[in-house]
$ cat work22.pdb   # PDB, C-alpha atoms and all ligand atoms
ATOM      1  CA  MET A   7       7.440  -2.556  24.949
ATOM      2  CA  ASN A   8       8.508  -4.141  21.649
ATOM      3  CA  ARG A   9       6.356  -7.213  21.215
ATOM      4  CA  THR A  10       5.934  -9.533  18.240
ATOM      5  CA  ILE A  11       2.175  -9.286  18.595
ATOM      6  CA  GLN A  12       0.488  -6.115  19.837
ATOM      7  CA  ARG A  13      -1.840  -6.686  22.778
ATOM      8  CA  VAL A  14      -5.137  -5.011  23.680
ATOM      9  CA  ALA A  15      -7.032  -5.275  26.978
ATOM     10  CA  ALA A  16     -10.688  -5.069  25.895
ATOM     11  CA  ILE A  17     -13.092  -4.163  28.714
ATOM     12  CA  HIS A  18     -16.490  -4.997  27.229
ATOM     13  CA  ASP A  19     -19.480  -7.297  27.620
ATOM     14  CA  LEU A  20     -19.867 -10.622  25.860
ATOM     15  CA  SER A  21     -23.205 -10.685  24.026
ATOM     16  CA  GLY A  22     -23.733 -14.198  22.695
ATOM     17  CA  PHE A  23     -25.814 -13.222  19.680
ATOM     18  CA  GLY A  24     -25.816 -10.150  17.459
ATOM     19  CA  ARG A  25     -22.216  -9.187  16.590
ATOM     20  CA  ALA A  26     -21.611  -6.345  19.046
ATOM     21  CA  SER A  27     -18.980  -5.695  21.700
ATOM     22  CA  LEU A  28     -16.562  -8.643  22.124
ATOM     23  CA  THR A  29     -18.056 -10.770  19.329
ATOM     24  CA  ALA A  30     -17.197  -7.941  16.908
ATOM     25  CA  ILE A  31     -14.011  -6.647  18.552
ATOM     26  CA  MET A  32     -12.236  -9.989  18.838
ATOM     27  CA  PRO A  33     -12.544 -11.158  15.215
ATOM     28  CA  VAL A  34     -11.643  -7.709  13.839
ATOM     29  CA  LEU A  35      -8.529  -7.217  15.950
ATOM     30  CA  SER A  36      -7.420 -10.856  15.604
ATOM     31  CA  THR A  37      -7.685 -10.568  11.819
ATOM     32  CA  MET A  38      -5.557  -7.439  11.991
ATOM     33  CA  GLY A  39      -2.875  -9.411  13.844
ATOM     34  CA  VAL A  40      -3.570  -8.026  17.320
ATOM     35  CA  GLN A  41      -4.032 -10.157  20.444
ATOM     36  CA  VAL A  42      -7.243  -9.365  22.361
ATOM     37  CA  CYS A  43      -7.360 -10.010  26.114
ATOM     38  CA  PRO A  44     -10.977  -9.517  27.197
ATOM     39  CA  VAL A  45     -12.053  -8.268  30.613
ATOM     40  CA  PRO A  46     -15.720  -9.327  30.442
ATOM     41  CA  THR A  47     -18.052  -6.906  32.199
ATOM     42  CA  ALA A  48     -21.234  -8.959  31.712
ATOM     43  CA  VAL A  49     -22.537 -11.926  29.764
ATOM     44  CA  LEU A  50     -25.754 -11.407  27.801
ATOM     45  CA  SER A  51     -27.690 -13.793  25.590
ATOM     46  CA  SER A  52     -27.713 -11.027  22.938
ATOM     47  CA  HIS A  53     -26.958  -7.319  22.797
ATOM     48  CA  THR A  54     -29.857  -5.076  23.792
ATOM     49  CA  GLY A  55     -30.429  -3.243  20.487
ATOM     50  CA  GLY A  56     -33.558  -4.749  18.966
ATOM     51  CA  PHE A  57     -33.880  -7.762  21.271
ATOM     52  CA  GLU A  58     -36.729  -7.195  23.716
ATOM     53  CA  ASP A  59     -35.843 -10.200  25.870
ATOM     54  CA  PHE A  60     -32.349 -11.207  26.852
ATOM     55  CA  SER A  61     -30.632 -12.806  29.820
ATOM     56  CA  PHE A  62     -27.963 -10.842  31.631
ATOM     57  CA  VAL A  63     -25.295 -11.873  34.144
ATOM     58  CA  ASP A  64     -23.480  -8.919  35.642
ATOM     59  CA  LEU A  65     -19.769  -9.567  36.295
ATOM     60  CA  THR A  66     -18.970  -6.356  38.195
ATOM     61  CA  ASP A  67     -18.140  -8.223  41.395
ATOM     62  CA  SER A  68     -15.765 -10.663  39.710
ATOM     63  CA  MET A  69     -13.946  -7.973  37.695
ATOM     64  CA  ALA A  70     -11.811  -6.800  40.646
ATOM     65  CA  GLU A  71     -10.550 -10.362  41.393
ATOM     66  CA  PHE A  72      -9.931 -10.971  37.689
ATOM     67  CA  ILE A  73      -7.894  -7.763  37.370
ATOM     68  CA  LYS A  74      -6.018  -8.563  40.594
ATOM     69  CA  GLN A  75      -4.689 -11.711  38.889
ATOM     70  CA  TRP A  76      -3.535  -9.692  35.880
ATOM     71  CA  LYS A  77      -1.726  -7.284  38.220
ATOM     72  CA  LYS A  78      -0.028 -10.283  39.880
ATOM     73  CA  LEU A  79       1.003 -11.587  36.446
ATOM     74  CA  GLU A  80       2.472  -8.125  35.754
ATOM     75  CA  LEU A  81       0.842  -8.067  32.338
ATOM     76  CA  SER A  82       1.297  -5.102  30.054
ATOM     77  CA  PHE A  83      -0.811  -3.895  27.140
ATOM     78  CA  ASP A  84      -0.201  -1.789  24.039
ATOM     79  CA  CYS A  85      -3.771  -0.550  24.236
ATOM     80  CA  ILE A  86      -6.559  -0.443  26.818
ATOM     81  CA  TYR A  87      -9.964  -0.252  25.157
ATOM     82  CA  SER A  88     -13.263   0.125  27.025
ATOM     83  CA  GLY A  89     -16.804   0.314  25.672
ATOM     84  CA  PHE A  90     -20.336  -0.393  26.919
ATOM     85  CA  LEU A  91     -20.324  -0.285  30.745
ATOM     86  CA  GLY A  92     -23.234  -1.280  32.935
ATOM     87  CA  SER A  93     -22.876   0.834  36.090
ATOM     88  CA  GLU A  94     -20.915   3.599  37.810
ATOM     89  CA  LYS A  95     -19.080   0.887  39.718
ATOM     90  CA  GLN A  96     -17.836  -0.609  36.445
ATOM     91  CA  ILE A  97     -16.651   2.826  35.322
ATOM     92  CA  ASN A  98     -14.682   3.135  38.587
ATOM     93  CA  ILE A  99     -13.121  -0.294  37.966
ATOM     94  CA  VAL A 100     -12.046   0.787  34.466
ATOM     95  CA  GLU A 101     -10.515   3.961  35.953
ATOM     96  CA  ASP A 102      -8.549   1.846  38.415
ATOM     97  CA  PHE A 103      -7.460  -0.442  35.545
ATOM     98  CA  ILE A 104      -6.184   2.563  33.553
ATOM     99  CA  ARG A 105      -4.349   3.992  36.584
ATOM    100  CA  HIS A 106      -2.530   0.674  36.998
ATOM    101  CA  PHE A 107      -1.841  -0.379  33.403
ATOM    102  CA  LYS A 108      -1.378   3.006  31.673
ATOM    103  CA  THR A 109       2.201   3.668  30.588
ATOM    104  CA  LYS A 110       3.852   6.516  28.687
ATOM    105  CA  GLU A 111       3.776   4.482  25.483
ATOM    106  CA  ASN A 112       0.449   2.694  25.442
ATOM    107  CA  LEU A 113      -2.868   3.936  24.131
ATOM    108  CA  VAL A 114      -6.060   4.300  26.173
ATOM    109  CA  VAL A 115      -9.188   4.295  23.995
ATOM    110  CA  VAL A 116     -12.554   4.949  25.621
ATOM    111  CA  ASP A 117     -15.709   4.503  23.577
ATOM    112  CA  PRO A 118     -18.308   6.198  25.809
ATOM    113  CA  VAL A 119     -21.160   3.957  24.657
ATOM    114  CA  MET A 120     -24.381   5.523  25.991
ATOM    115  CA  GLY A 121     -26.867   5.916  23.153
ATOM    116  CA  ASP A 122     -27.583   6.506  19.495
ATOM    117  CA  ASN A 123     -29.936   8.382  17.179
ATOM    118  CA  GLY A 124     -30.571  11.151  19.712
ATOM    119  CA  SER A 125     -31.487   8.987  22.705
ATOM    120  CA  LEU A 126     -29.786   7.167  25.549
ATOM    121  CA  TYR A 127     -29.827   3.365  25.929
ATOM    122  CA  SER A 128     -32.245   2.241  28.641
ATOM    123  CA  THR A 129     -29.484   1.517  31.189
ATOM    124  CA  MET A 130     -27.980   5.022  30.897
ATOM    125  CA  GLY A 131     -28.944   8.127  32.892
ATOM    126  CA  PRO A 132     -27.511  11.321  34.412
ATOM    127  CA  VAL A 133     -25.209   9.464  36.837
ATOM    128  CA  MET A 134     -23.674   7.389  34.028
ATOM    129  CA  ILE A 135     -23.178  10.537  31.915
ATOM    130  CA  ARG A 136     -21.387  12.235  34.828
ATOM    131  CA  GLU A 137     -19.138   9.196  35.436
ATOM    132  CA  MET A 138     -18.439   8.839  31.708
ATOM    133  CA  ARG A 139     -17.284  12.494  31.655
ATOM    134  CA  SER A 140     -14.735  11.572  34.306
ATOM    135  CA  LEU A 141     -13.622   8.384  32.484
ATOM    136  CA  ILE A 142     -12.998  10.155  29.158
ATOM    137  CA  GLY A 143     -10.639  12.467  31.068
ATOM    138  CA  MET A 144      -8.257   9.493  31.417
ATOM    139  CA  ALA A 145      -8.292   8.512  27.724
ATOM    140  CA  ASP A 146      -5.877   9.308  24.914
ATOM    141  CA  ILE A 147      -8.583   8.764  22.310
ATOM    142  CA  ILE A 148     -12.371   8.811  22.652
ATOM    143  CA  THR A 149     -14.846   7.707  19.989
ATOM    144  CA  PRO A 150     -18.320   9.018  20.895
ATOM    145  CA  ASN A 151     -21.007   9.036  18.246
ATOM    146  CA  TYR A 152     -22.844  12.310  17.635
ATOM    147  CA  THR A 153     -25.555  11.431  20.203
ATOM    148  CA  GLU A 154     -23.016  10.594  22.926
ATOM    149  CA  ALA A 155     -21.061  13.786  22.182
ATOM    150  CA  ALA A 156     -24.252  15.840  22.657
ATOM    151  CA  PHE A 157     -24.900  14.188  26.052
ATOM    152  CA  LEU A 158     -21.262  14.522  27.185
ATOM    153  CA  LEU A 159     -21.280  18.240  26.316
ATOM    154  CA  ASP A 160     -24.877  18.807  27.392
ATOM    155  CA  ARG A 161     -25.705  20.267  23.981
ATOM    156  CA  PRO A 162     -28.970  19.709  22.096
ATOM    157  CA  TYR A 163     -29.021  16.905  19.513
ATOM    158  CA  THR A 164     -30.118  18.272  16.149
ATOM    159  CA  ASN A 165     -30.466  16.638  12.741
ATOM    160  CA  TYR A 166     -28.153  19.267  11.286
ATOM    161  CA  ILE A 167     -24.726  20.465  12.396
ATOM    162  CA  ASP A 168     -22.242  22.526  10.400
ATOM    163  CA  ASP A 169     -18.503  21.801  10.181
ATOM    164  CA  ALA A 170     -17.470  24.763  12.351
ATOM    165  CA  THR A 171     -19.819  23.722  15.174
ATOM    166  CA  VAL A 172     -18.821  20.075  15.093
ATOM    167  CA  LYS A 173     -15.156  21.090  15.180
ATOM    168  CA  GLU A 174     -15.906  23.248  18.208
ATOM    169  CA  TRP A 175     -17.631  20.242  19.893
ATOM    170  CA  ALA A 176     -14.526  18.109  19.277
ATOM    171  CA  ILE A 177     -12.248  20.799  20.742
ATOM    172  CA  ARG A 178     -14.499  21.152  23.837
ATOM    173  CA  LEU A 179     -14.427  17.354  24.340
ATOM    174  CA  SER A 180     -10.655  17.351  24.011
ATOM    175  CA  GLU A 181     -10.473  19.994  26.754
ATOM    176  CA  MET A 182     -12.080  17.379  29.022
ATOM    177  CA  GLY A 183      -8.857  15.308  28.731
ATOM    178  CA  PRO A 184      -8.425  13.175  25.605
ATOM    179  CA  ALA A 185      -5.783  14.377  23.142
ATOM    180  CA  THR A 186      -7.743  12.881  20.248
ATOM    181  CA  VAL A 187     -11.503  13.049  19.819
ATOM    182  CA  VAL A 188     -13.180  10.981  17.112
ATOM    183  CA  LEU A 189     -16.840  11.842  16.506
ATOM    184  CA  THR A 190     -18.781   9.237  14.531
ATOM    185  CA  SER A 191     -22.199   9.261  12.798
ATOM    186  CA  VAL A 192     -22.092  13.026  12.345
ATOM    187  CA  PRO A 193     -24.785  14.161   9.881
ATOM    188  CA  ASP A 194     -23.081  15.861   6.944
ATOM    189  CA  HIS A 195     -24.541  19.288   6.257
ATOM    190  CA  ARG A 196     -23.321  19.330   2.639
ATOM    191  CA  ASP A 197     -25.483  16.429   1.685
ATOM    192  CA  ASN A 198     -28.166  14.870   3.834
ATOM    193  CA  ALA A 199     -27.302  11.531   2.290
ATOM    194  CA  ASP A 200     -23.839  11.492   3.887
ATOM    195  CA  THR A 201     -22.529  10.939   7.385
ATOM    196  CA  SER A 202     -19.026  11.783   8.549
ATOM    197  CA  VAL A 203     -16.372  10.964  11.044
ATOM    198  CA  ILE A 204     -14.712  14.090  12.448
ATOM    199  CA  ALA A 205     -11.480  13.799  14.427
ATOM    200  CA  TYR A 206      -9.621  16.466  16.361
ATOM    201  CA  ASP A 207      -5.943  15.891  17.112
ATOM    202  CA  ARG A 208      -4.993  18.400  19.822
ATOM    203  CA  ALA A 209      -1.202  17.895  19.655
ATOM    204  CA  ASN A 210      -1.132  18.820  15.962
ATOM    205  CA  GLN A 211      -4.163  21.143  16.158
ATOM    206  CA  VAL A 212      -5.683  19.496  13.140
ATOM    207  CA  CYS A 213      -9.246  18.404  12.468
ATOM    208  CA  TRP A 214      -9.895  15.601   9.966
ATOM    209  CA  LYS A 215     -13.123  14.799   8.192
ATOM    210  CA  ILE A 216     -13.943  11.511   6.506
ATOM    211  CA  SER A 217     -17.300  11.394   4.731
ATOM    212  CA  CYS A 218     -19.186   8.336   3.679
ATOM    213  CA  ARG A 219     -22.294   7.698   1.684
ATOM    214  CA  TYR A 220     -25.187   6.966   4.022
ATOM    215  CA  ILE A 221     -26.989   3.678   3.536
ATOM    216  CA  PRO A 222     -30.439   3.779   5.141
ATOM    217  CA  ALA A 223     -29.911   0.813   7.453
ATOM    218  CA  HIS A 224     -28.871   0.725  11.075
ATOM    219  CA  TYR A 225     -26.927  -2.323  12.220
ATOM    220  CA  PRO A 226     -26.006  -2.572  15.927
ATOM    221  CA  GLY A 227     -22.349  -3.138  16.736
ATOM    222  CA  THR A 228     -20.881  -1.061  13.893
ATOM    223  CA  GLY A 229     -19.458   1.420  16.433
ATOM    224  CA  ASP A 230     -17.478  -1.397  18.091
ATOM    225  CA  THR A 231     -16.283  -2.636  14.699
ATOM    226  CA  PHE A 232     -15.253   0.859  13.576
ATOM    227  CA  THR A 233     -13.256   1.573  16.755
ATOM    228  CA  SER A 234     -11.588  -1.857  16.573
ATOM    229  CA  VAL A 235     -10.430  -1.236  12.985
ATOM    230  CA  MET A 236      -9.118   2.195  14.028
ATOM    231  CA  ILE A 237      -7.195   0.639  16.945
ATOM    232  CA  GLY A 238      -5.862  -2.165  14.718
ATOM    233  CA  GLY A 239      -4.646   0.429  12.206
ATOM    234  CA  LEU A 240      -2.976   2.611  14.834
ATOM    235  CA  LEU A 241      -1.234  -0.434  16.376
ATOM    236  CA  GLN A 242       0.015  -1.388  12.904
ATOM    237  CA  GLY A 243       1.535   2.095  12.596
ATOM    238  CA  ASP A 244      -1.108   3.902  10.527
ATOM    239  CA  SER A 245      -1.498   7.657  10.915
ATOM    240  CA  LEU A 246      -4.749   8.799  12.542
ATOM    241  CA  PRO A 247      -6.504   9.796   9.271
ATOM    242  CA  ILE A 248      -5.497   6.524   7.584
ATOM    243  CA  ALA A 249      -6.703   4.457  10.570
ATOM    244  CA  LEU A 250     -10.024   6.343  10.526
ATOM    245  CA  ASP A 251     -10.296   5.993   6.778
ATOM    246  CA  ARG A 252      -9.832   2.226   7.097
ATOM    247  CA  GLY A 253     -12.575   2.122   9.752
ATOM    248  CA  VAL A 254     -15.030   4.100   7.624
ATOM    249  CA  LEU A 255     -14.270   2.080   4.487
ATOM    250  CA  PHE A 256     -14.610  -1.216   6.330
ATOM    251  CA  ILE A 257     -17.999  -0.279   7.810
ATOM    252  CA  SER A 258     -19.263   0.830   4.373
ATOM    253  CA  GLN A 259     -18.047  -2.453   2.869
ATOM    254  CA  CYS A 260     -19.712  -4.487   5.649
ATOM    255  CA  ILE A 261     -23.012  -2.638   5.211
ATOM    256  CA  LYS A 262     -22.909  -3.075   1.431
ATOM    257  CA  ALA A 263     -22.124  -6.787   1.846
ATOM    258  CA  SER A 264     -25.086  -7.169   4.233
ATOM    259  CA  TYR A 265     -27.772  -4.854   2.872
ATOM    260  CA  GLY A 266     -28.781  -7.005  -0.083
ATOM    261  CA  PHE A 267     -29.600  -9.955   2.173
ATOM    262  CA  ASN A 268     -32.966 -10.114   3.830
ATOM    263  CA  TYR A 269     -32.295 -10.888   7.500
ATOM    264  CA  PRO A 270     -32.991  -8.981  10.738
ATOM    265  CA  LYS A 271     -30.693  -5.951  11.053
ATOM    266  CA  ARG A 272     -30.370  -6.614  14.781
ATOM    267  CA  GLU A 273     -28.064  -9.556  13.918
ATOM    268  CA  GLY A 274     -25.475  -6.996  12.818
ATOM    269  CA  VAL A 275     -23.439  -6.781   9.624
ATOM    270  CA  LEU A 276     -22.183  -9.982   7.982
ATOM    271  CA  LEU A 277     -18.737  -9.498   9.448
ATOM    272  CA  GLU A 278     -17.550 -12.986   8.517
ATOM    273  CA  ARG A 279     -17.967 -12.187   4.798
ATOM    274  CA  CYS A 280     -15.746  -9.108   5.121
ATOM    275  CA  LEU A 281     -12.978  -9.872   7.610
ATOM    276  CA  ASP A 282     -10.499 -10.794   4.857
ATOM    277  CA  ILE A 283     -10.632  -7.200   3.581
ATOM    278  CA  LEU A 284      -8.792  -6.215   6.763
ATOM    279  CA  LYS A 285      -5.750  -8.193   5.654
ATOM    280  CA  ALA A 286      -5.300  -6.046   2.544
ATOM    281  CA  PRO A 287      -2.927  -3.075   2.725
ATOM    282  CA  ALA A 288      -4.652   0.230   3.497
ATOM    283  CA  VAL A 289      -6.167   1.800   0.391
ATOM    284  CA  ILE A 290      -6.148   5.543   0.779
ATOM    285  CA  GLY A 291      -9.705   6.782   0.515
ATOM    286  CA  ALA A 292     -10.798  10.341   1.003
ATOM    287  CA  PHE A 293     -10.016  12.424   4.025
ATOM    288  CA  GLU A 294      -9.850  16.172   4.256
ATOM    289  CA  THR A 295      -8.921  18.729   6.892
ATOM    290  CA  LEU A 296     -11.412  21.132   8.445
TER     291      LEU A 296
HETATM  292  O1  LIG B   1     -22.432  -2.021  20.576
HETATM  293  C1  LIG B   1     -22.735  -1.410  21.745
HETATM  294  C2  LIG B   1     -23.362  -2.354  22.734
HETATM  295  C3  LIG B   1     -22.551  -3.158  23.511
HETATM  296  N1  LIG B   1     -23.054  -4.011  24.423
HETATM  297  C4  LIG B   1     -24.384  -4.135  24.588
HETATM  298  C5  LIG B   1     -25.255  -3.373  23.823
HETATM  299  C6  LIG B   1     -24.747  -2.459  22.876
HETATM  300  C7  LIG B   1     -25.634  -1.632  22.069
HETATM  301  O2  LIG B   1     -26.804  -1.750  22.051
HETATM  302  O3  LIG B   1     -26.561  -3.524  23.986
HETATM  303  C8  LIG B   1     -24.916  -5.102  25.605
END

$ encode --input "work22.pdb" --output "structure tokens"
Amino acid sequence: MNRTIQRVAAIHDLSGFGRASLTAIMPVLSTMGVQVCPVPTAVLSSHTGGFEDFSFVDLTDSMAEFIKQWKKLELSFDCIYSGFLGSEKQINIVEDFIRHFKTKENLVVVDPVMGDNGSLYSTMGPVMIREMRSLIGMADIITPNYTEAAFLLDRPYTNYIDDATVKEWAIRLSEMGPATVVLTSVPDHRDNADTSVIAYDRANQVCWKISCRYIPAHYPGTGDTFTSVMIGGLLQGDSLPIALDRGVLFISQCIKASYGFNYPKREGVLLERCLDILKAPAVIGAFETL
């Protein structure tokens, strides 16, 4: 549908403190001129990365009623974007949402949030991995990080992976359903100081690589920010490599803007200092084909 403002249904939790999930997704996409319609999966006092104590209200049981109203309103979306999910039941609800709201034209993006740095988050286990494998089968684009890709494919996580192997991982993941596979936080074998984003586009049989200088700091929520910038770019009409390039550049800029300040990393990058960058036209950085 031709709309003045592009519209995204964002199926994520609302974590009150820490700039992850909806508190990162909404400002990024709004700044890029995209309307975000959240389907909240849970309300937490903070995200779970680095906060030992947090309160948590699960919204699984209210999601079905909520979505029923949207079906009655006959809403339509240019993109359906899901991320951190708390249970198999929530994954099933997202699958039902996609079955109902998916059209020929719109974009389904699934970020199979399950872990990072080689390990799973505490709420994830074999059942969630199995269900996530089924959910990614319904997506047009998936954005697993290197850890999540290893769990989805049941391959060992290593500190080193060469370009040919990572390309093969992306192709295998694409065979599970999604036409486009975007692998993030991939260690770059050419230089230990770099990390890359690798993307396989099955329709054009092309594999893109975008490298970025690694800054030794881990801020939670950057995966959500990266995927939101990519979605914003694609909805604005960017090509895949340009949308990915914008995501990588924006994350590097956010980390650089934050790193010099001495505050707990668990609060996330200083997004508010950087959002204006998203209004600038895309500057072509460096992408290459594999
Ligand atoms: O950014 C991913 C994410 C989303 N939601 C919650 C999280 C995390 C990562 O830790 O804890 C609640």

$ residues_near_ligand --input "work22.pdb" --ligand "ligand LIG 1 (chain B)" --cutoff "6 Å" --atoms "all atoms listed in the file" --output "PyMOL selection string"
chain A and resi 19+26-27+53-55+90+226-227+230

$ closest_residue --input "work22.pdb" --among "A:Cys260, A:Lys285, A:Leu240, A:Leu296" --to "Cys213 (chain A)" --atoms "only C-alpha atoms"
A:Leu296

$ resolve_selection --input "work22.pdb" --expression "the PyMOL selection byres (((chain A and resi 215) around 7) and not hetatm)" --output "NGL selection string"
:A and (202-205 or 213-214 or 216-217 or 293-296)

$ residues_around --input "work22.pdb" --residues "Leu20 (chain A)" --least-positions-apart "5" --cutoff "7 Å" --atoms "all atoms listed in the file" --output "PyMOL selection string"
chain A and resi 27-29+46+48-50

$ resolve_selection --input "work22.pdb" --expression "the PyMOL selection byres (((chain A and resi 147) around 6) and not hetatm)" --output "number ranges by chain"
A: 115, 145-146, 148, 184, 186-187

$ resolve_selection --input "work22.pdb" --expression "the PyMOL selection byres (((chain A and resi 14) around 7) and not hetatm)" --output "number ranges by chain"
A: 12-13, 15-16, 41-43, 83-87

$ closest_residue --input "work22.pdb" --among "A:Thr47, A:Thr153, A:Gln242, A:Ser125" --to "Val63 (chain A)" --atoms "all atoms listed in the file"
A:Thr47

$ closest_residue --input "work22.pdb" --among "A:Leu246, A:Ala30, A:Leu126, A:Val45" --to "Ala155 (chain A)" --atoms "only C-alpha atoms"
A:Leu126

$ residues_around --input "work22.pdb" --residues "Gly291 (chain A)" --least-positions-apart "6" --cutoff "12 Å" --atoms "all atoms listed in the file" --output "compact mmCIF listing (two decimals) with C-alpha atoms, keeping the file's coordinate frame"
# COMPACT_ATOMS: atom_id res chain seq x y z
CA LYS A 215 -13.12 14.80 8.19
CA ILE A 216 -13.94 11.51 6.51
CA SER A 217 -17.30 11.39 4.73
CA CYS A 218 -19.19 8.34 3.68
CA PRO A 247 -6.50 9.80 9.27
CA ILE A 248 -5.50 6.52 7.58
CA ALA A 249 -6.70 4.46 10.57
CA LEU A 250 -10.02 6.34 10.53
CA ASP A 251 -10.30 5.99 6.78
CA ARG A 252 -9.83 2.23 7.10
CA GLY A 253 -12.58 2.12 9.75
CA VAL A 254 -15.03 4.10 7.62
CA LEU A 255 -14.27 2.08 4.49
CA PHE A 256 -14.61 -1.22 6.33
CA SER A 258 -19.26 0.83 4.37

$ axis_aligned_box --input "work22.pdb" --around "region 131-139 of chain A" --padding-each-side "5 Å" --output "AutoDock Vina command-line options"
--center_x -23.1 --center_y 9.9 --center_z 34.2 --size_x 21.7 --size_y 15.1 --size_z 15.2

$ atom_distance --input "work22.pdb" --atom1 "CA of Ser68 (chain A)" --atom2 "CA of His18 (chain A)"
13.7 Å

$ closest_residue --input "work22.pdb" --among "A:His106, A:Arg219, A:Arg279, A:Arg139" --to "Arg178 (chain A)" --atoms "all atoms listed in the file"
A:Arg139

$ atom_distance --input "work22.pdb" --atom1 "CA of Phe157 (chain A)" --atom2 "CA of Ile135 (chain A)"
7.1 Å

$ atom_distance --input "work22.pdb" --atom1 "CA of Ser61 (chain A)" --atom2 "CA of Arg272 (chain A)"
16.3 Å

$ residues_around --input "work22.pdb" --residues "Ser264 (chain A)" --least-positions-apart "3" --cutoff "9 Å" --atoms "all atoms listed in the file" --output "PyMOL selection string"
chain A and resi 259-261+267-269+271+274-277+279

$ residues_around --input "work22.pdb" --residues "Met144 (chain A)" --least-positions-apart "4" --cutoff "9 Å" --atoms "all atoms listed in the file" --output "JSON, numbers by chain"
{"A": [101, 104, 105, 114, 116, 140, 183, 184]}

$ closest_residue --input "work22.pdb" --among "A:Met138, A:Gly131, A:Asp168, A:Gly89" --to "His195 (chain A)" --atoms "only C-alpha atoms"
A:Asp168

$ closest_residue --input "work22.pdb" --among "A:Asp117, A:Glu181, A:Glu273, A:Asp102" --to "Phe232 (chain A)" --atoms "all atoms listed in the file"
A:Asp117

$ residues_around --input "work22.pdb" --residues "Ala176 (chain A)" --least-positions-apart "3" --cutoff "8 Å" --atoms "all atoms listed in the file" --output "number ranges by chain"
A: 172-173, 179-180, 187-189, 204-206

$ decode --input "work22.pdb" --residues "region 93-105 of chain A" --atoms "N, CA, C and O atoms" --output "PDB file, in the first residue's frame"
ATOM      1  N   SER A  93       8.881 -16.835  25.375  1.00  0.00           N
ATOM      2  CA  SER A  93       8.438 -18.227  25.520  1.00  0.00           C
ATOM      3  C   SER A  93       8.033 -18.783  24.159  1.00  0.00           C
ATOM      4  O   SER A  93       7.837 -18.021  23.204  1.00  0.00           O
ATOM      5  N   GLU A  94       7.858 -20.110  24.117  1.00  0.00           N
ATOM      6  CA  GLU A  94       7.419 -20.737  22.853  1.00  0.00           C
ATOM      7  C   GLU A  94       6.044 -20.194  22.477  1.00  0.00           C
ATOM      8  O   GLU A  94       5.742 -20.002  21.303  1.00  0.00           O
ATOM      9  N   LYS A  95       5.223 -19.950  23.515  1.00  0.00           N
ATOM     10  CA  LYS A  95       3.873 -19.456  23.233  1.00  0.00           C
ATOM     11  C   LYS A  95       3.934 -18.107  22.502  1.00  0.00           C
ATOM     12  O   LYS A  95       3.170 -17.865  21.567  1.00  0.00           O
ATOM     13  N   GLN A  96       4.871 -17.257  22.934  1.00  0.00           N
ATOM     14  CA  GLN A  96       5.007 -15.954  22.253  1.00  0.00           C
ATOM     15  C   GLN A  96       5.460 -16.148  20.809  1.00  0.00           C
ATOM     16  O   GLN A  96       5.007 -15.427  19.911  1.00  0.00           O
ATOM     17  N   ILE A  97       6.333 -17.113  20.586  1.00  0.00           N
ATOM     18  CA  ILE A  97       6.783 -17.379  19.207  1.00  0.00           C
ATOM     19  C   ILE A  97       5.576 -17.804  18.366  1.00  0.00           C
ATOM     20  O   ILE A  97       5.389 -17.335  17.236  1.00  0.00           O
ATOM     21  N   ASN A  98       4.716 -18.655  18.926  1.00  0.00           N
ATOM     22  CA  ASN A  98       3.516 -19.091  18.193  1.00  0.00           C
ATOM     23  C   ASN A  98       2.597 -17.908  17.892  1.00  0.00           C
ATOM     24  O   ASN A  98       1.999 -17.841  16.808  1.00  0.00           O
ATOM     25  N   ILE A  99       2.498 -16.960  18.818  1.00  0.00           N
ATOM     26  CA  ILE A  99       1.659 -15.778  18.591  1.00  0.00           C
ATOM     27  C   ILE A  99       2.242 -14.931  17.439  1.00  0.00           C
ATOM     28  O   ILE A  99       1.509 -14.433  16.586  1.00  0.00           O
ATOM     29  N   VAL A 100       3.563 -14.804  17.423  1.00  0.00           N
ATOM     30  CA  VAL A 100       4.199 -14.039  16.332  1.00  0.00           C
ATOM     31  C   VAL A 100       3.938 -14.742  14.999  1.00  0.00           C
ATOM     32  O   VAL A 100       3.630 -14.099  13.981  1.00  0.00           O
ATOM     33  N   GLU A 101       4.007 -16.076  14.990  1.00  0.00           N
ATOM     34  CA  GLU A 101       3.751 -16.821  13.745  1.00  0.00           C
ATOM     35  C   GLU A 101       2.326 -16.562  13.254  1.00  0.00           C
ATOM     36  O   GLU A 101       2.092 -16.345  12.067  1.00  0.00           O
ATOM     37  N   ASP A 102       1.385 -16.552  14.202  1.00  0.00           N
ATOM     38  CA  ASP A 102      -0.004 -16.282  13.831  1.00  0.00           C
ATOM     39  C   ASP A 102      -0.133 -14.847  13.282  1.00  0.00           C
ATOM     40  O   ASP A 102      -0.835 -14.611  12.301  1.00  0.00           O
ATOM     41  N   PHE A 103       0.586 -13.912  13.925  1.00  0.00           N
ATOM     42  CA  PHE A 103       0.554 -12.510  13.490  1.00  0.00           C
ATOM     43  C   PHE A 103       1.050 -12.406  12.038  1.00  0.00           C
ATOM     44  O   PHE A 103       0.445 -11.748  11.197  1.00  0.00           O
ATOM     45  N   ILE A 104       2.158 -13.108  11.759  1.00  0.00           N
ATOM     46  CA  ILE A 104       2.735 -13.049  10.396  1.00  0.00           C
ATOM     47  C   ILE A 104       1.751 -13.670   9.398  1.00  0.00           C
ATOM     48  O   ILE A 104       1.496 -13.102   8.328  1.00  0.00           O
ATOM     49  N   ARG A 105       1.173 -14.818   9.761  1.00  0.00           N
ATOM     50  CA  ARG A 105       0.211 -15.460   8.843  1.00  0.00           C
ATOM     51  C   ARG A 105      -0.914 -14.493   8.477  1.00  0.00           C
ATOM     52  O   ARG A 105      -1.363 -14.425   7.343  1.00  0.00           O
TER      53      ARG A 105
END
